[in-house]
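Student: Provided below: data-v5.cif, containing mmCIF, C-alpha atoms.
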data_data
loop_
_atom_site.label_atom_id
_atom_site.label_comp_id
_atom_site.auth_asym_id
_atom_site.auth_seq_id
_atom_site.Cartn_x
_atom_site.Cartn_y
_atom_site.Cartn_z
CA MET Z 1 0.00 0.00 0.00
CA ALA Z 2 1.08 3.62 -0.57
CA LEU Z 3 0.89 6.46 2.02
CA ARG Z 4 -0.22 9.96 1.02
CA GLU Z 5 0.57 12.81 3.47
CA GLN Z 6 -1.83 15.74 3.97
CA ALA Z 7 -0.17 19.01 5.20
CA GLY Z 8 -1.93 21.58 7.42
CA ASP Z 9 -1.01 24.79 9.38
CA SER Z 10 -2.29 23.77 12.79
CA GLN Z 11 -3.20 20.11 12.53
CA PRO Z 12 -0.71 17.31 12.60
CA ALA Z 13 -0.22 15.53 9.33
CA GLN Z 14 -2.50 12.55 8.83
CA ALA Z 15 -1.81 9.54 6.68
CA THR Z 16 -4.50 8.39 4.22
CA ILE Z 17 -4.27 4.80 3.11
CA VAL Z 18 -4.68 4.45 -0.66
CA PRO Z 19 -4.89 0.86 -1.92
CA SER Z 20 -2.56 0.01 -4.76
CA PRO Z 21 -4.20 -1.61 -7.81
CA ILE Z 22 -3.81 -5.38 -7.83
CA PRO Z 23 -3.06 -6.65 -11.32
CA LEU Z 24 -5.36 -9.38 -12.65
CA PRO Z 25 -3.74 -12.65 -13.59
CA ASP Z 26 -2.97 -13.11 -17.28
CA ARG Z 27 -5.24 -15.90 -18.50
CA SER Z 28 -4.83 -15.23 -22.20
CA LYS Z 29 -2.69 -18.31 -22.66
CA GLU Z 30 -4.80 -20.61 -20.54
CA THR Z 31 -6.98 -23.23 -22.27
CA ALA Z 32 -9.83 -24.76 -20.36
CA GLU Z 33 -9.67 -28.50 -20.22
CA PRO Z 34 -12.98 -30.17 -21.12
CA GLY Z 35 -14.65 -31.93 -18.22
CA PRO Z 36 -15.61 -35.60 -18.32
CA GLU Z 37 -19.24 -34.78 -19.24
CA ALA Z 38 -18.22 -32.62 -22.21
CA ALA Z 39 -15.78 -35.27 -23.41
CA SER Z 40 -18.45 -37.93 -23.10
CA ALA Z 41 -20.97 -35.82 -25.04
CA GLU Z 42 -18.43 -35.25 -27.81
CA ALA Z 43 -17.72 -38.96 -27.98
CA ASP Z 44 -21.45 -39.71 -28.20
CA THR Z 45 -21.83 -37.21 -31.03
CA LYS Z 46 -19.02 -38.82 -32.99
CA ALA Z 47 -20.41 -42.28 -32.30
CA ALA Z 48 -23.87 -41.18 -33.49
CA LYS Z 49 -22.90 -40.88 -37.13
CA PHE Z 50 -24.53 -43.21 -39.61
CA PRO Z 51 -22.19 -45.53 -41.52
CA GLN Z 52 -20.99 -43.77 -44.65
CA PRO Z 53 -20.85 -45.50 -48.04
CA LYS Z 54 -17.91 -45.46 -50.38
CA LEU Z 55 -18.54 -42.60 -52.83
CA ARG Z 56 -17.24 -42.60 -56.40
CA LEU Z 57 -17.50 -40.40 -59.47
CA LYS Z 58 -17.15 -41.69 -63.04
CA VAL Z 59 -16.95 -39.33 -66.01
CA PRO Z 60 -16.17 -41.34 -69.18
CA ASP Z 61 -16.08 -38.22 -71.37
CA LEU Z 62 -14.43 -35.23 -69.71
CA ASP Z 63 -14.66 -33.24 -72.94
CA HIS Z 64 -18.45 -33.33 -72.99
CA PRO Z 65 -19.81 -29.80 -72.39
CA GLY Z 66 -22.15 -31.20 -69.73
CA ALA Z 67 -19.19 -32.68 -67.85
CA ILE Z 68 -17.36 -29.37 -67.97
CA LYS Z 69 -20.41 -27.53 -66.65
CA PHE Z 70 -20.90 -30.09 -63.87
CA LEU Z 71 -17.31 -29.91 -62.65
CA THR Z 72 -17.26 -26.10 -62.71
CA SER Z 73 -20.68 -25.65 -61.06
CA VAL Z 74 -20.50 -27.86 -57.97
CA ASN Z 75 -17.96 -29.24 -55.53
CA ALA Z 76 -17.76 -32.84 -56.69
CA ALA Z 77 -15.81 -33.84 -53.57
CA THR Z 78 -18.65 -32.97 -51.16
CA LEU Z 79 -21.78 -33.10 -53.31
CA LEU Z 80 -22.63 -36.77 -52.76
CA SER Z 81 -21.66 -36.89 -49.09
CA THR Z 82 -23.89 -33.90 -48.33
CA ALA Z 83 -26.80 -35.54 -50.14
CA VAL Z 84 -26.27 -38.82 -48.26
CA ASN Z 85 -26.24 -37.07 -44.89
CA ASN Z 86 -29.38 -35.09 -45.69
CA VAL Z 87 -31.24 -38.22 -46.74
CA LEU Z 88 -30.20 -40.11 -43.61
CA ARG Z 89 -31.13 -37.14 -41.40
CA LEU Z 90 -34.65 -36.88 -42.83
CA LEU Z 91 -35.54 -40.56 -43.26
CA TYR Z 92 -33.92 -42.05 -40.14
CA LYS Z 93 -33.99 -41.03 -36.49
CA SER Z 94 -30.57 -41.91 -35.08
CA PRO Z 95 -28.00 -44.70 -35.34
CA ARG Z 96 -28.33 -45.02 -31.54
CA ASP Z 97 -32.07 -45.69 -31.80
CA ARG Z 98 -32.83 -49.40 -31.61
CA GLU Z 99 -35.76 -49.07 -34.00
CA THR Z 100 -33.66 -47.35 -36.68
CA THR Z 101 -32.67 -49.67 -39.52
CA VAL Z 102 -30.91 -48.22 -42.55
CA PRO Z 103 -30.53 -50.18 -45.80
CA PRO Z 104 -27.04 -51.69 -46.05
CA THR Z 105 -25.88 -49.46 -48.90
CA ARG Z 106 -22.13 -49.92 -49.14
CA SER Z 107 -21.25 -47.68 -52.06
CA VAL Z 108 -22.78 -45.03 -54.30
CA THR Z 109 -21.21 -44.31 -57.68
CA LEU Z 110 -22.26 -41.27 -59.68
CA VAL Z 111 -21.90 -41.89 -63.41
CA LEU Z 112 -22.08 -38.85 -65.68
CA ARG Z 113 -22.80 -40.00 -69.22
CA ASP Z 114 -24.38 -38.96 -72.49
CA MET Z 115 -27.94 -40.29 -72.38
CA ASP Z 116 -31.57 -39.24 -72.77
CA GLY Z 117 -33.77 -38.36 -69.81
CA VAL Z 118 -32.53 -36.92 -66.50
CA ALA Z 119 -31.26 -39.56 -64.05
CA TYR Z 120 -31.95 -43.00 -62.62
CA THR Z 121 -30.60 -45.22 -59.83
CA THR Z 122 -29.85 -48.93 -60.01
CA GLY Z 123 -27.97 -51.66 -58.20
CA THR Z 124 -24.67 -52.79 -59.66
CA SER Z 125 -23.81 -56.14 -61.13
CA LEU Z 126 -21.93 -56.92 -57.91
CA ASP Z 127 -25.05 -56.77 -55.69
CA ASN Z 128 -27.87 -54.43 -54.74
CA ASP Z 129 -25.95 -52.98 -51.78
CA HIS Z 130 -23.76 -51.13 -54.28
CA LYS Z 131 -25.68 -48.39 -56.08
CA GLU Z 132 -25.10 -46.44 -59.27
CA ILE Z 133 -26.70 -43.09 -60.09
CA HIS Z 134 -26.64 -42.36 -63.83
CA PHE Z 135 -26.98 -38.64 -64.58
CA SER Z 136 -27.54 -37.28 -68.10
CA LEU Z 137 -24.84 -34.96 -69.41
CA GLN Z 138 -27.33 -33.81 -72.06
CA TYR Z 139 -29.70 -32.66 -69.32
CA ILE Z 140 -26.91 -30.91 -67.40
CA ASN Z 141 -25.78 -29.14 -70.55
CA SER Z 142 -29.32 -27.94 -71.33
CA THR Z 143 -30.07 -26.56 -67.85
CA ASN Z 144 -30.05 -22.80 -67.31
CA PRO Z 145 -26.58 -21.90 -65.97
CA SER Z 146 -28.08 -19.54 -63.38
CA ARG Z 147 -29.69 -22.45 -61.56
CA LEU Z 148 -27.45 -25.31 -62.64
CA ALA Z 149 -25.80 -25.95 -59.25
CA HIS Z 150 -29.20 -25.92 -57.51
CA GLU Z 151 -30.68 -28.33 -60.07
CA ILE Z 152 -27.72 -30.72 -59.98
CA THR Z 153 -27.91 -30.86 -56.18
CA GLY Z 154 -31.67 -31.37 -56.24
CA VAL Z 155 -31.60 -34.18 -58.79
CA LEU Z 156 -28.80 -36.00 -56.98
CA THR Z 157 -30.55 -35.64 -53.61
CA HIS Z 158 -33.65 -37.24 -55.14
CA GLU Z 159 -31.60 -40.11 -56.55
CA VAL Z 160 -29.70 -40.70 -53.32
CA VAL Z 161 -33.05 -41.24 -51.59
CA HIS Z 162 -33.52 -44.26 -53.87
CA CYS Z 163 -30.27 -45.63 -52.45
CA TYR Z 164 -31.65 -45.47 -48.89
CA GLN Z 165 -35.44 -45.74 -48.83
CA TRP Z 166 -37.50 -48.86 -48.08
CA ASP Z 167 -39.98 -50.17 -50.66
CA ALA Z 168 -42.27 -52.55 -48.74
CA HIS Z 169 -40.38 -55.59 -50.05
CA GLY Z 170 -40.98 -54.48 -53.63
CA SER Z 171 -44.72 -53.84 -53.20
CA CYS Z 172 -44.71 -50.05 -52.64
CA PRO Z 173 -46.50 -47.99 -55.36
CA GLY Z 174 -44.06 -46.22 -57.65
CA GLY Z 175 -45.81 -42.91 -57.02
CA LEU Z 176 -45.09 -43.15 -53.29
CA ILE Z 177 -41.47 -44.14 -53.94
CA GLU Z 178 -40.94 -41.09 -56.13
CA GLY Z 179 -42.98 -38.89 -53.81
CA VAL Z 180 -40.75 -39.67 -50.84
CA ALA Z 181 -37.67 -38.86 -52.93
CA ASP Z 182 -39.08 -35.50 -53.98
CA TRP Z 183 -40.27 -34.82 -50.41
CA VAL Z 184 -36.65 -35.04 -49.25
CA ARG Z 185 -35.65 -32.71 -52.07
CA LEU Z 186 -38.43 -30.33 -51.03
CA ARG Z 187 -37.32 -30.46 -47.38
CA CYS Z 188 -33.76 -29.59 -48.41
CA ASP Z 189 -35.06 -26.43 -50.15
CA LEU Z 190 -34.00 -27.79 -53.54
CA SER Z 191 -37.29 -27.61 -55.41
CA PRO Z 192 -37.12 -26.17 -58.96
CA PRO Z 193 -39.18 -23.11 -59.96
CA HIS Z 194 -41.90 -25.06 -61.80
CA TRP Z 195 -42.97 -27.09 -58.77
CA LYS Z 196 -46.36 -26.24 -57.27
CA ARG Z 197 -49.16 -27.86 -55.31
CA GLU Z 198 -51.51 -29.56 -57.75
CA THR Z 199 -54.56 -31.35 -56.40
CA GLY Z 200 -55.89 -32.87 -59.62
CA GLY Z 201 -55.62 -36.62 -60.06
CA ASP Z 202 -54.77 -39.28 -57.50
CA TRP Z 203 -52.56 -38.82 -54.44
CA ASP Z 204 -49.93 -41.18 -55.84
CA ARG Z 205 -49.18 -39.33 -59.06
CA GLY Z 206 -45.64 -39.30 -57.75
CA TYR Z 207 -42.78 -36.82 -57.73
CA GLN Z 208 -43.62 -33.30 -56.48
CA HIS Z 209 -47.38 -33.94 -56.55
CA THR Z 210 -47.07 -36.64 -53.89
CA ALA Z 211 -44.22 -34.78 -52.17
CA TYR Z 212 -46.49 -31.84 -51.29
CA PHE Z 213 -49.11 -34.27 -49.97
CA LEU Z 214 -46.47 -35.89 -47.77
CA GLU Z 215 -45.37 -32.47 -46.55
CA TYR Z 216 -48.99 -31.75 -45.57
CA LEU Z 217 -49.03 -34.99 -43.56
CA GLU Z 218 -45.70 -34.08 -41.94
CA GLN Z 219 -47.12 -30.72 -40.87
CA ARG Z 220 -50.44 -32.16 -39.70
CA PHE Z 221 -49.24 -35.21 -37.79
CA GLY Z 222 -45.90 -33.89 -36.64
CA GLU Z 223 -42.22 -34.10 -37.44
CA GLY Z 224 -41.11 -37.63 -38.22
CA THR Z 225 -44.32 -38.69 -39.99
CA VAL Z 226 -42.59 -39.47 -43.29
CA ARG Z 227 -39.81 -41.15 -41.34
CA ARG Z 228 -42.40 -43.44 -39.73
CA LEU Z 229 -43.95 -44.07 -43.14
CA ASN Z 230 -40.56 -45.12 -44.52
CA ASP Z 231 -40.00 -47.45 -41.55
CA LYS Z 232 -43.41 -49.04 -42.06
CA LEU Z 233 -42.40 -49.74 -45.66
CA ARG Z 234 -39.45 -51.67 -44.21
CA ARG Z 235 -41.56 -53.83 -41.95
CA HIS Z 236 -44.52 -54.84 -44.10
CA LYS Z 237 -45.71 -55.29 -47.66
CA TYR Z 238 -47.88 -52.45 -48.85
CA ASP Z 239 -51.66 -52.81 -48.53
CA SER Z 240 -53.49 -49.52 -49.00
CA GLU Z 241 -56.49 -50.65 -46.93
CA SER Z 242 -54.42 -51.23 -43.79
CA PHE Z 243 -51.23 -49.19 -44.31
CA TRP Z 244 -52.64 -45.69 -43.84
CA PRO Z 245 -55.15 -46.41 -41.04
CA GLU Z 246 -52.44 -48.17 -39.07
CA LEU Z 247 -50.00 -45.32 -39.67
CA LEU Z 248 -52.25 -42.26 -39.33
CA GLY Z 249 -55.68 -43.51 -38.31
CA GLU Z 250 -57.48 -42.72 -41.58
CA SER Z 251 -57.67 -43.99 -45.15
CA VAL Z 252 -55.44 -42.39 -47.75
CA GLN Z 253 -58.54 -41.24 -49.63
CA LYS Z 254 -59.73 -39.31 -46.56
CA LEU Z 255 -56.25 -37.89 -45.93
CA TYR Z 256 -55.87 -36.77 -49.53
CA GLY Z 257 -59.35 -35.22 -49.49
CA ASP Z 258 -58.33 -33.24 -46.40
CA TYR Z 259 -55.18 -32.15 -48.22
CA VAL Z 260 -57.17 -30.94 -51.23
CA GLU Z 261 -59.48 -28.93 -48.96
CA ASN Z 262 -56.49 -27.48 -47.15
CA CYS Z 263 -54.97 -26.36 -50.44
CA LYS Z 264 -58.24 -24.67 -51.45
CA GLU Z 265 -58.51 -22.86 -48.11
CA ASN Z 266 -54.93 -21.63 -48.27
CA LYS Z 267 -54.75 -20.87 -51.98
CA GLY Z 268 -52.79 -17.68 -52.52
CA THR Z 269 -51.50 -17.58 -48.95
CA ASN Z 270 -49.14 -20.56 -48.76
CA GLY Z 271 -46.73 -19.88 -51.60
CA LYS Z 272 -46.60 -22.53 -54.28
#
Taking this structure as input, can you express it in the form of structure tokens?

Tutor:
Amino acid sequence: MALREQAGDSQPAQATIVPSPIPLPDRSKETAEPGPEAASAEADTKAAKFPQPKLRLKVPDLDHPGAIKFLTSVNAATLLSTAVNNVLRLLYKSPRDRETTVPPTRSVTLVLRDMDGVAYTTGTSLDNDHKEIHFSLQYINSTNPSRLAHEITGVLTHEVVHCYQWDAHGSCPGGLIEGVADWVRLRCDLSPPHWKRETGGDWDRGYQHTAYFLEYLEQRFGEGTVRRLNDKLRRHKYDSESFWPELLGESVQKLYGDYVENCKENKGTNGK
């Protein structure tokens, strides 16, 4: 401590005690060690990852203008892995969950080739656990450059769903198969500009038409509804008369009728 003297003509000098500032310890170089709970949580997070397939890219003709546009529009190193993780996140609960069963897909190979159409997914000659996605270079080359990366990512996300969804032991309607794939694409905010809710025709028209119906069910019955639907397609063969009442308590005709009415009530206020 320091002493400060006060002088006066008739009074004796008094000492006032002034505390000296105490410097704070320098902690700038200290690094907090994680506690056992934090370390355990981090280990659980790492352990919670779904098994990842081997990912491959095949481009037989690098000089094709579609191949050039593909490789300059997207990050080929992360495109497939991102799609796989999004599909697993939306269709399956957790690898720690005992009821979660993911198809044993061991590899996914993206083949860019000159062909008609857009894309399709198939098993390889080795076995059905190894998948190939064939993507049309003609289609890539014809897509508007301003939305090419978005479209490539959307198409591949749709096709990756086919590598990981259940199909009721081969009995699931094709419209529902394609609807689930486009629902995942819709959920990833990868829908193209021409998509819109259309209520004409049957519920299982497929693709975006069924995807919007599935999104309605997800909103009405709660998050995880499509996930439960996919799991039910793993457990049983598809029978329309029992599938929907067991899953959601009502027939698919009643559910779709409710969806059509909902679209009419919200026309012009719910976007597409």

Student: Could you tell me which of Z:Val252, Z:Leu71, Z:Ala211, Z:Ala168 comes closest to Tyr238 (chain Z) if we count only C-alpha atoms?

Tutor: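 Checking each of Z:Val252, Z:Leu71, Z:Ala211, Z:Ala168 against Tyr238 (chain Z), counting only C-alpha atoms, the winner is Z:Ala168.
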
Student: Near Thr143 (chain Z), counting all atoms listed in the file, which residues have an atom at most 12 Å away, once you skip same-chain residues fewer than 4 positions from it, shown as an MDAnalysis selection string?

Tutor: chainID Z and resid 65:66 69:70 73 118 136:139 147:152 155 192

Student: Quick check on the file I pasted: which residues fall under the PyMOL selection byres ((chain Z and resi 160) around 10)? Write them as number ranges by chain.

Tutor: Z: 80-81, 83-88, 108, 110, 120-121, 131-133, 154-159, 161-165, 181, 184

Student: Closest to Tyr92 (chain Z) among Z:Pro104, Z:Gly179, Z:Gly224, Z:Gly117, using only C-alpha atoms?

Tutor: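 That would be Z:Gly224, the residue with the smallest distance to Tyr92 (chain Z).
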
Student: What is the distance, in Å and to one decimal place, between CA of Ser142 (chain Z) and CA of Arg56 (chain Z)?

Tutor: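 Interatomic distance, CA of Ser142 (chain Z) to CA of Arg56 (chain Z): 24.2 Å.
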
Student: Which residue is closest to Cys263 (chain Z)? Choose from Z:Gly174, Z:Val102, Z:Arg197, Z:Ser146 and count only C-alpha atoms.

Tutor: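 Selected residue with least distance to Cys263 (chain Z): Z:Arg197.
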
Student: Some atoms are missing, so please complete region 235-246 of chain Z with all heavy atoms and return it as a tab-separated table (two decimals), in the frame of the given file.

Tutor:
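So the final result, stored in out13.tsv, reads:
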chain	number	residue	atom	x	y	z
Z	235	ARG	N	-41.05	-52.73	-42.76
Z	235	ARG	CA	-41.56	-53.83	-41.95
Z	235	ARG	C	-42.59	-54.71	-42.68
Z	235	ARG	O	-42.67	-55.91	-42.42
Z	235	ARG	CB	-42.22	-53.27	-40.68
Z	235	ARG	CG	-41.25	-52.51	-39.78
Z	235	ARG	CD	-42.00	-51.80	-38.66
Z	235	ARG	NE	-41.13	-51.04	-37.81
Z	235	ARG	CZ	-40.53	-51.52	-36.72
Z	235	ARG	NH1	-40.72	-52.78	-36.37
Z	235	ARG	NH2	-39.76	-50.74	-35.98
Z	236	HIS	N	-43.39	-54.11	-43.54
Z	236	HIS	CA	-44.52	-54.84	-44.10
Z	236	HIS	C	-44.64	-54.61	-45.61
Z	236	HIS	O	-44.19	-53.60	-46.13
Z	236	HIS	CB	-45.83	-54.39	-43.44
Z	236	HIS	CG	-45.80	-54.43	-41.95
Z	236	HIS	ND1	-45.85	-55.59	-41.23
Z	236	HIS	CD2	-45.71	-53.42	-41.03
Z	236	HIS	CE1	-45.80	-55.32	-39.94
Z	236	HIS	NE2	-45.71	-54.01	-39.79
Z	237	LYS	N	-45.30	-55.53	-46.29
Z	237	LYS	CA	-45.71	-55.29	-47.66
Z	237	LYS	C	-46.83	-54.26	-47.66
Z	237	LYS	O	-47.58	-54.12	-46.70
Z	237	LYS	CB	-46.16	-56.58	-48.33
Z	237	LYS	CG	-45.00	-57.51	-48.69
Z	237	LYS	CD	-45.41	-58.56	-49.70
Z	237	LYS	CE	-44.20	-59.33	-50.21
Z	237	LYS	NZ	-44.55	-60.29	-51.28
Z	238	TYR	N	-46.92	-53.54	-48.78
Z	238	TYR	CA	-47.88	-52.45	-48.85
Z	238	TYR	C	-49.28	-52.96	-49.15
Z	238	TYR	O	-49.50	-53.69	-50.12
Z	238	TYR	CB	-47.45	-51.45	-49.92
Z	238	TYR	CG	-48.38	-50.25	-50.03
Z	238	TYR	CD1	-48.23	-49.16	-49.17
Z	238	TYR	CD2	-49.40	-50.22	-50.97
Z	238	TYR	CE1	-49.08	-48.07	-49.27
Z	238	TYR	CE2	-50.25	-49.13	-51.08
Z	238	TYR	CZ	-50.09	-48.06	-50.21
Z	238	TYR	OH	-50.93	-46.97	-50.31
Z	239	ASP	N	-50.23	-52.56	-48.31
Z	239	ASP	CA	-51.66	-52.81	-48.53
Z	239	ASP	C	-52.38	-51.52	-48.19
Z	239	ASP	O	-52.44	-51.12	-47.02
Z	239	ASP	CB	-52.15	-53.95	-47.64
Z	239	ASP	CG	-53.65	-54.19	-47.76
Z	239	ASP	OD1	-54.27	-53.60	-48.66
Z	239	ASP	OD2	-54.19	-54.96	-46.95
Z	240	SER	N	-52.90	-50.84	-49.20
Z	240	SER	CA	-53.49	-49.52	-49.00
Z	240	SER	C	-54.59	-49.53	-47.95
Z	240	SER	O	-54.74	-48.55	-47.20
Z	240	SER	CB	-54.05	-49.00	-50.33
Z	240	SER	OG	-54.64	-47.73	-50.16
Z	241	GLU	N	-55.35	-50.61	-47.86
Z	241	GLU	CA	-56.49	-50.65	-46.93
Z	241	GLU	C	-56.04	-50.62	-45.48
Z	241	GLU	O	-56.75	-50.09	-44.62
Z	241	GLU	CB	-57.33	-51.91	-47.20
Z	241	GLU	CG	-57.97	-51.94	-48.57
Z	241	GLU	CD	-58.90	-50.76	-48.80
Z	241	GLU	OE1	-59.66	-50.43	-47.87
Z	241	GLU	OE2	-58.85	-50.16	-49.89
Z	242	SER	N	-54.89	-51.18	-45.18
Z	242	SER	CA	-54.42	-51.23	-43.79
Z	242	SER	C	-53.26	-50.28	-43.51
Z	242	SER	O	-53.08	-49.83	-42.37
Z	242	SER	CB	-54.00	-52.66	-43.43
Z	242	SER	OG	-52.93	-53.09	-44.28
Z	243	PHE	N	-52.46	-49.97	-44.53
Z	243	PHE	CA	-51.23	-49.19	-44.31
Z	243	PHE	C	-51.52	-47.83	-43.69
Z	243	PHE	O	-50.95	-47.47	-42.65
Z	243	PHE	CB	-50.51	-49.02	-45.65
Z	243	PHE	CG	-49.20	-48.29	-45.55
Z	243	PHE	CD1	-48.02	-48.99	-45.30
Z	243	PHE	CD2	-49.12	-46.91	-45.70
Z	243	PHE	CE1	-46.80	-48.33	-45.19
Z	243	PHE	CE2	-47.92	-46.23	-45.61
Z	243	PHE	CZ	-46.75	-46.94	-45.34
Z	244	TRP	N	-52.40	-47.06	-44.29
Z	244	TRP	CA	-52.64	-45.69	-43.84
Z	244	TRP	C	-53.42	-45.62	-42.53
Z	244	TRP	O	-53.06	-44.84	-41.63
Z	244	TRP	CB	-53.32	-44.90	-44.95
Z	244	TRP	CG	-52.45	-44.79	-46.16
Z	244	TRP	CD1	-52.46	-45.59	-47.27
Z	244	TRP	CD2	-51.39	-43.84	-46.37
Z	244	TRP	NE1	-51.49	-45.20	-48.16
Z	244	TRP	CE2	-50.82	-44.13	-47.63
Z	244	TRP	CE3	-50.88	-42.79	-45.62
Z	244	TRP	CZ2	-49.76	-43.39	-48.17
Z	244	TRP	CZ3	-49.83	-42.04	-46.14
Z	244	TRP	CH2	-49.28	-42.35	-47.39
Z	245	PRO	N	-54.48	-46.43	-42.35
Z	245	PRO	CA	-55.15	-46.41	-41.04
Z	245	PRO	C	-54.23	-46.80	-39.88
Z	245	PRO	O	-54.32	-46.23	-38.79
Z	245	PRO	CB	-56.29	-47.41	-41.21
Z	245	PRO	CG	-56.59	-47.39	-42.68
Z	245	PRO	CD	-55.24	-47.23	-43.33
Z	246	GLU	N	-53.36	-47.78	-40.12
Z	246	GLU	CA	-52.44	-48.17	-39.07
Z	246	GLU	C	-51.41	-47.08	-38.78
Z	246	GLU	O	-50.99	-46.89	-37.64
Z	246	GLU	CB	-51.72	-49.46	-39.46
Z	246	GLU	CG	-52.61	-50.69	-39.46
Z	246	GLU	CD	-51.91	-51.93	-40.00
Z	246	GLU	OE1	-50.73	-51.84	-40.40
Z	246	GLU	OE2	-52.55	-53.00	-40.03
